[in-house]
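Working notes for the structure below.
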Amino acid sequence: MHELGIVTHVAKTLDEVAEENKITRIGSVTLQIGEVSGIINDYFVDCWDYFKKKHPVLADAEMKIEIIPAVTYCEDCRSEYETVKYGKICPHCHSERTWLLRGNECTIKEIEAETQE
Amino acid sequence: MKVIELHKSVTDSNDRDADRLRAEMKEAGVLLINIMSSPGSGKTTLLSSTIKGMPETRIAVLEADIDSAVDAEKIESLGAKAVQVHTDGMCHMDAGMTRAGLEGMGFEDVDLAVLENVGNLICPAEFDTGAGKNVMILSITEGDDKPLKYPLMFETSDALVISKIDALPYFNFDMEKCMERARRLNPDIQIFPLSAKTGEGMDAWISWLHEEINRWRENS
């Protein structure tokens, strides 16, 4: 499953962050997920709640998700439009020469944590 | 509790691991190629023909997409090394799993290591395996519209093999259009239309592999 794979990578990254920053417990993790990143949020949170128990420092961490709306840029008429609503074809000039500007992200924005000090 | 801002990509730790593995493979002078495709694109058939077409090259294959030993046995019967890698239900290989597979198999006496990634056009493109070159196979039976549907796969691949061209007369596959769509996403992509069954187009693919193996060694 796609979501579980990503969860394992988040946990690995946070284990490293915890070690670097002498973190004893992480209370919450905020992830920024693009609208067209292919991640299903409900599955993702379920996978997180299952997997976090395997990492002592993450065991109580709540997963918070912020959605980044997807925006596509049209090279021909230089306009920006909503990706989810119109897809690959520009709604203004019907060009196919379009690129995703944002909406494919999967970034760990911030964590709430307790440290040793 | 205090807030720590990270702004780290989820794939951050894997990306660093992949860079380390790439450097180690460079040091060892072994070119690792990561082959990605849909299930049924003809990966194993292409590999079999490639092994036969490169008799002087010592090839090892990491098979990530099988639940039996059928593919691995087929590869071994051709004289190449083969090992199965378990992804534990995961939809892709990452650098850590690739490293474990390579170390388990041993690659000291190998010129070319081939990772047969999990059959899927989405997740394998997102996770760097540490390979020196990424190759994607698209069979003509899948359709010429795939660059539009799975752009990241085409963007991250150094080479695109368009397989099963012996079946072109029976399918509505527009070769020109497919190549144009792939090049629009990735202007540097090398494209090899071929049939592993009839051998058509295999020479160009094998020459490219030889060149890349030599280039990998020169800089190591």
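Going through the structure tokens in order, the chains are called A, B, and so on, while each chain numbers its residues from 1 and the ligands are numbered from 1 in the order shown.
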
| Residue list for chain A near chain B as a PyMOL selection string, 10 Å, only C-alpha atoms | chain A and resi 1-14+16-17+21+25-32+38+88+96-97+99+105-115

Let's have the selection written as a short mmCIF file (atom, residue, chain, number, x, y, z; two decimals), in the first residue's frame, with C-alpha atoms.
data_model
loop_
_atom_site.label_atom_id
_atom_site.label_comp_id
_atom_site.auth_asym_id
_atom_site.auth_seq_id
_atom_site.Cartn_x
_atom_site.Cartn_y
_atom_site.Cartn_z
CA MET A 1 0.00 0.00 0.00
CA HIS A 2 1.23 3.44 -1.00
CA GLU A 3 0.27 5.19 2.25
CA LEU A 4 2.03 2.67 4.50
CA GLY A 5 5.23 3.08 2.52
CA ILE A 6 5.14 6.83 3.02
CA VAL A 7 4.34 6.45 6.72
CA THR A 8 7.46 4.30 7.21
CA HIS A 9 9.56 7.05 5.61
CA VAL A 10 7.98 9.75 7.81
CA ALA A 11 8.70 7.63 10.91
CA LYS A 12 12.31 7.07 9.84
CA THR A 13 12.88 10.78 9.24
CA LEU A 14 11.31 11.68 12.61
CA GLU A 16 16.50 10.86 13.03
CA VAL A 17 15.13 14.31 13.95
CA ASN A 21 17.34 17.27 18.78
CA ARG A 25 8.34 12.49 22.93
CA ILE A 26 6.54 13.85 19.86
CA GLY A 27 2.99 15.09 20.52
CA SER A 28 1.94 15.89 16.98
CA VAL A 29 3.21 15.88 13.41
CA THR A 30 1.91 18.30 10.79
CA LEU A 31 2.19 17.12 7.20
CA GLN A 32 1.51 19.20 4.10
CA GLY A 38 -2.00 10.49 -4.71
CA LYS A 88 -4.35 18.49 -18.04
CA GLU A 96 -2.05 20.55 -23.59
CA ARG A 97 1.22 22.31 -22.79
CA TRP A 99 2.55 21.96 -15.95
CA GLU A 105 3.93 17.87 -2.18
CA CYS A 106 4.41 15.61 0.78
CA THR A 107 6.36 17.56 3.37
CA ILE A 108 6.76 17.32 7.11
CA LYS A 109 5.98 20.92 8.11
CA GLU A 110 6.50 20.82 11.86
CA ILE A 111 6.27 18.72 15.00
CA GLU A 112 5.33 19.44 18.59
CA ALA A 113 7.90 17.82 20.85
CA GLU A 114 9.31 17.49 24.34
CA THR A 115 13.08 17.57 24.68
#

| query | Could you pull the residues within 8 Å of stretch 97-108 of chain B, counting only C-alpha atoms, minus those fewer than 5 positions along the same chain, as a ChimeraX atom specification? | reply | /B:21,28,30,60,62,82-85,87,113,115,129-130

| task | Using DSSP on the backbone coordinates, identify all residues within chain A classified as helix (DSSP H, G or I); present the result as JSON, numbers by chain. | result | {"A": [2, 3, 4, 5, 6, 7, 8, 9, 10, 11, 12, 13, 14, 15, 16, 17, 18, 19, 20, 41, 42, 43, 44, 45, 46, 47, 48, 49, 50, 51, 52, 53, 54, 56, 57, 58, 83, 84, 85, 86]}

| note | Separating atom CA of B:Thr45 from atom CA of B:Pro193, to the nearest tenth of an Å, is a gap of 14.6 Å

Determine which residues of stretch 13-206 of chain B DSSP labels as strand (DSSP E or B) from the backbone of this structure, then write them out as a CSV table (one decimal) with N, CA, C and O atoms, in the first residue's frame.
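What ended up in selection.csv:
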chain,number,residue,atom,x,y,z
B,31,LEU,N,27.5,-0.8,-12.2
B,31,LEU,CA,26.3,0.1,-12.6
B,31,LEU,C,25.0,-0.6,-12.1
B,31,LEU,O,24.8,-1.8,-12.5
B,32,LEU,N,24.3,0.1,-11.3
B,32,LEU,CA,23.0,-0.4,-10.9
B,32,LEU,C,21.9,0.3,-11.7
B,32,LEU,O,21.8,1.5,-11.7
B,33,ILE,N,21.1,-0.5,-12.5
B,33,ILE,CA,19.9,0.2,-13.2
B,33,ILE,C,18.6,-0.3,-12.5
B,33,ILE,O,18.5,-1.5,-12.1
B,34,ASN,N,17.7,0.6,-12.4
B,34,ASN,CA,16.4,0.4,-11.8
B,34,ASN,C,15.4,0.3,-12.9
B,34,ASN,O,15.2,1.3,-13.6
B,35,ILE,N,14.8,-0.8,-13.1
B,35,ILE,CA,13.8,-1.0,-14.1
B,35,ILE,C,12.4,-0.9,-13.6
B,35,ILE,O,12.0,-1.7,-12.7
B,36,MET,N,11.6,0.0,-14.1
B,36,MET,CA,10.2,0.2,-13.6
B,36,MET,C,9.2,0.0,-14.7
B,36,MET,O,9.5,0.4,-15.9
B,37,SER,N,8.1,-0.5,-14.4
B,37,SER,CA,7.1,-0.7,-15.4
B,37,SER,C,5.8,-1.2,-14.8
B,37,SER,O,5.8,-1.5,-13.6
B,59,ILE,N,26.2,-10.2,-15.1
B,59,ILE,CA,24.9,-9.5,-14.8
B,59,ILE,C,24.3,-10.1,-13.5
B,59,ILE,O,24.3,-11.4,-13.4
B,60,ALA,N,23.8,-9.3,-12.6
B,60,ALA,CA,23.1,-9.8,-11.5
B,60,ALA,C,21.7,-9.1,-11.4
B,60,ALA,O,21.6,-7.9,-11.8
B,61,VAL,N,20.7,-9.9,-11.0
B,61,VAL,CA,19.3,-9.3,-11.0
B,61,VAL,C,18.7,-9.4,-9.7
B,61,VAL,O,18.7,-10.5,-9.0
B,62,LEU,N,18.1,-8.3,-9.2
B,62,LEU,CA,17.3,-8.2,-8.0
B,62,LEU,C,15.9,-8.2,-8.4
B,62,LEU,O,15.4,-7.3,-9.0
B,63,GLU,N,15.2,-9.3,-8.0
B,63,GLU,CA,13.7,-9.4,-8.4
B,63,GLU,C,12.9,-9.0,-7.3
B,63,GLU,O,12.8,-9.6,-6.3
B,81,LYS,N,23.3,-14.1,-12.1
B,81,LYS,CA,22.9,-14.2,-10.6
B,81,LYS,C,21.5,-13.6,-10.4
B,81,LYS,O,21.2,-12.6,-11.0
B,82,ALA,N,20.7,-14.2,-9.6
B,82,ALA,CA,19.4,-13.6,-9.3
B,82,ALA,C,19.1,-13.8,-7.8
B,82,ALA,O,19.4,-14.8,-7.2
B,83,VAL,N,18.4,-12.8,-7.3
B,83,VAL,CA,18.0,-12.9,-5.9
B,83,VAL,C,16.6,-12.2,-5.8
B,83,VAL,O,16.3,-11.3,-6.5
B,84,GLN,N,15.8,-12.8,-4.9
B,84,GLN,CA,14.4,-12.2,-4.7
B,84,GLN,C,14.5,-11.2,-3.5
B,84,GLN,O,15.1,-11.5,-2.5
B,112,LEU,N,27.1,-5.4,-14.1
B,112,LEU,CA,25.8,-4.7,-14.2
B,112,LEU,C,24.8,-5.3,-13.3
B,112,LEU,O,24.5,-6.5,-13.3
B,113,ALA,N,24.3,-4.5,-12.4
B,113,ALA,CA,23.2,-5.0,-11.4
B,113,ALA,C,21.9,-4.4,-11.9
B,113,ALA,O,21.8,-3.2,-12.2
B,114,VAL,N,20.9,-5.3,-12.0
B,114,VAL,CA,19.6,-4.8,-12.5
B,114,VAL,C,18.6,-5.0,-11.4
B,114,VAL,O,18.4,-6.1,-10.8
B,115,LEU,N,17.9,-3.9,-11.0
B,115,LEU,CA,16.8,-4.0,-10.0
B,115,LEU,C,15.5,-4.0,-10.8
B,115,LEU,O,15.2,-3.1,-11.5
B,116,GLU,N,14.8,-5.2,-10.7
B,116,GLU,CA,13.4,-5.2,-11.3
B,116,GLU,C,12.5,-4.7,-10.2
B,116,GLU,O,12.1,-5.4,-9.3
B,133,LYS,N,21.2,4.5,-13.1
B,133,LYS,CA,20.3,4.9,-14.2
B,133,LYS,C,18.9,4.3,-14.0
B,133,LYS,O,18.8,3.2,-13.5
B,134,ASN,N,17.9,5.1,-14.3
B,134,ASN,CA,16.5,4.6,-14.2
B,134,ASN,C,16.0,4.3,-15.6
B,134,ASN,O,16.1,5.2,-16.5
B,135,VAL,N,15.4,3.2,-15.7
B,135,VAL,CA,14.8,2.8,-17.0
B,135,VAL,C,13.4,2.4,-16.8
B,135,VAL,O,13.0,1.8,-15.9
B,136,MET,N,12.5,2.9,-17.8
B,136,MET,CA,11.1,2.5,-17.7
B,136,MET,C,10.8,1.7,-18.9
B,136,MET,O,11.3,2.0,-20.0
B,137,ILE,N,10.0,0.7,-18.7
B,137,ILE,CA,9.5,-0.1,-19.9
B,137,ILE,C,8.0,0.2,-20.1
B,137,ILE,O,7.2,0.2,-19.1
B,138,LEU,N,7.6,0.6,-21.3
B,138,LEU,CA,6.2,0.7,-21.6
B,138,LEU,C,5.9,-0.2,-22.8
B,138,LEU,O,6.6,-0.1,-23.8
B,139,SER,N,5.0,-1.1,-22.6
B,139,SER,CA,4.7,-2.0,-23.7
B,139,SER,C,3.6,-1.4,-24.6
B,139,SER,O,2.8,-0.6,-24.1
B,159,ALA,N,16.0,6.3,-19.5
B,159,ALA,CA,15.8,5.6,-20.8
B,159,ALA,C,14.3,5.1,-20.7
B,159,ALA,O,13.9,4.7,-19.7
B,160,LEU,N,13.7,5.0,-21.9
B,160,LEU,CA,12.4,4.5,-22.0
B,160,LEU,C,12.5,3.4,-23.1
B,160,LEU,O,12.9,3.6,-24.2
B,161,VAL,N,12.1,2.1,-22.7
B,161,VAL,CA,12.1,1.0,-23.6
B,161,VAL,C,10.6,0.9,-24.0
B,161,VAL,O,9.7,0.7,-23.1
B,162,ILE,N,10.3,1.0,-25.3
B,162,ILE,CA,8.9,0.7,-25.7
B,162,ILE,C,8.9,-0.7,-26.3
B,162,ILE,O,9.6,-1.0,-27.3
B,163,SER,N,8.3,-1.6,-25.5
B,163,SER,CA,8.5,-3.1,-25.8
B,163,SER,C,7.3,-3.6,-26.6
B,163,SER,O,6.3,-3.0,-26.7
B,190,GLN,N,16.3,8.8,-23.4
B,190,GLN,CA,16.7,7.9,-24.5
B,190,GLN,C,15.6,6.9,-24.8
B,190,GLN,O,15.1,6.3,-23.8
B,191,ILE,N,15.2,6.8,-26.0
B,191,ILE,CA,14.0,5.9,-26.3
B,191,ILE,C,14.4,4.7,-27.2
B,191,ILE,O,15.1,4.9,-28.2
B,192,PHE,N,14.1,3.5,-26.7
B,192,PHE,CA,14.4,2.3,-27.5
B,192,PHE,C,13.2,1.5,-27.8
B,192,PHE,O,12.7,0.7,-27.0
B,193,PRO,N,12.6,1.7,-29.0
B,193,PRO,CA,11.5,0.8,-29.3
B,193,PRO,C,12.1,-0.6,-29.7
B,193,PRO,O,13.0,-0.6,-30.5

| request: Between A:Leu101, A:Ile23, A:Phe44, A:Ile39, single out the one closest to A:Ala70, counting only C-alpha atoms. | output: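 Smallest separation from A:Ala70 among the options: A:Leu101.
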
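Take atom CA of B:Val110 and atom CA of B:Arg58: the distance between them is 5.0 Å.
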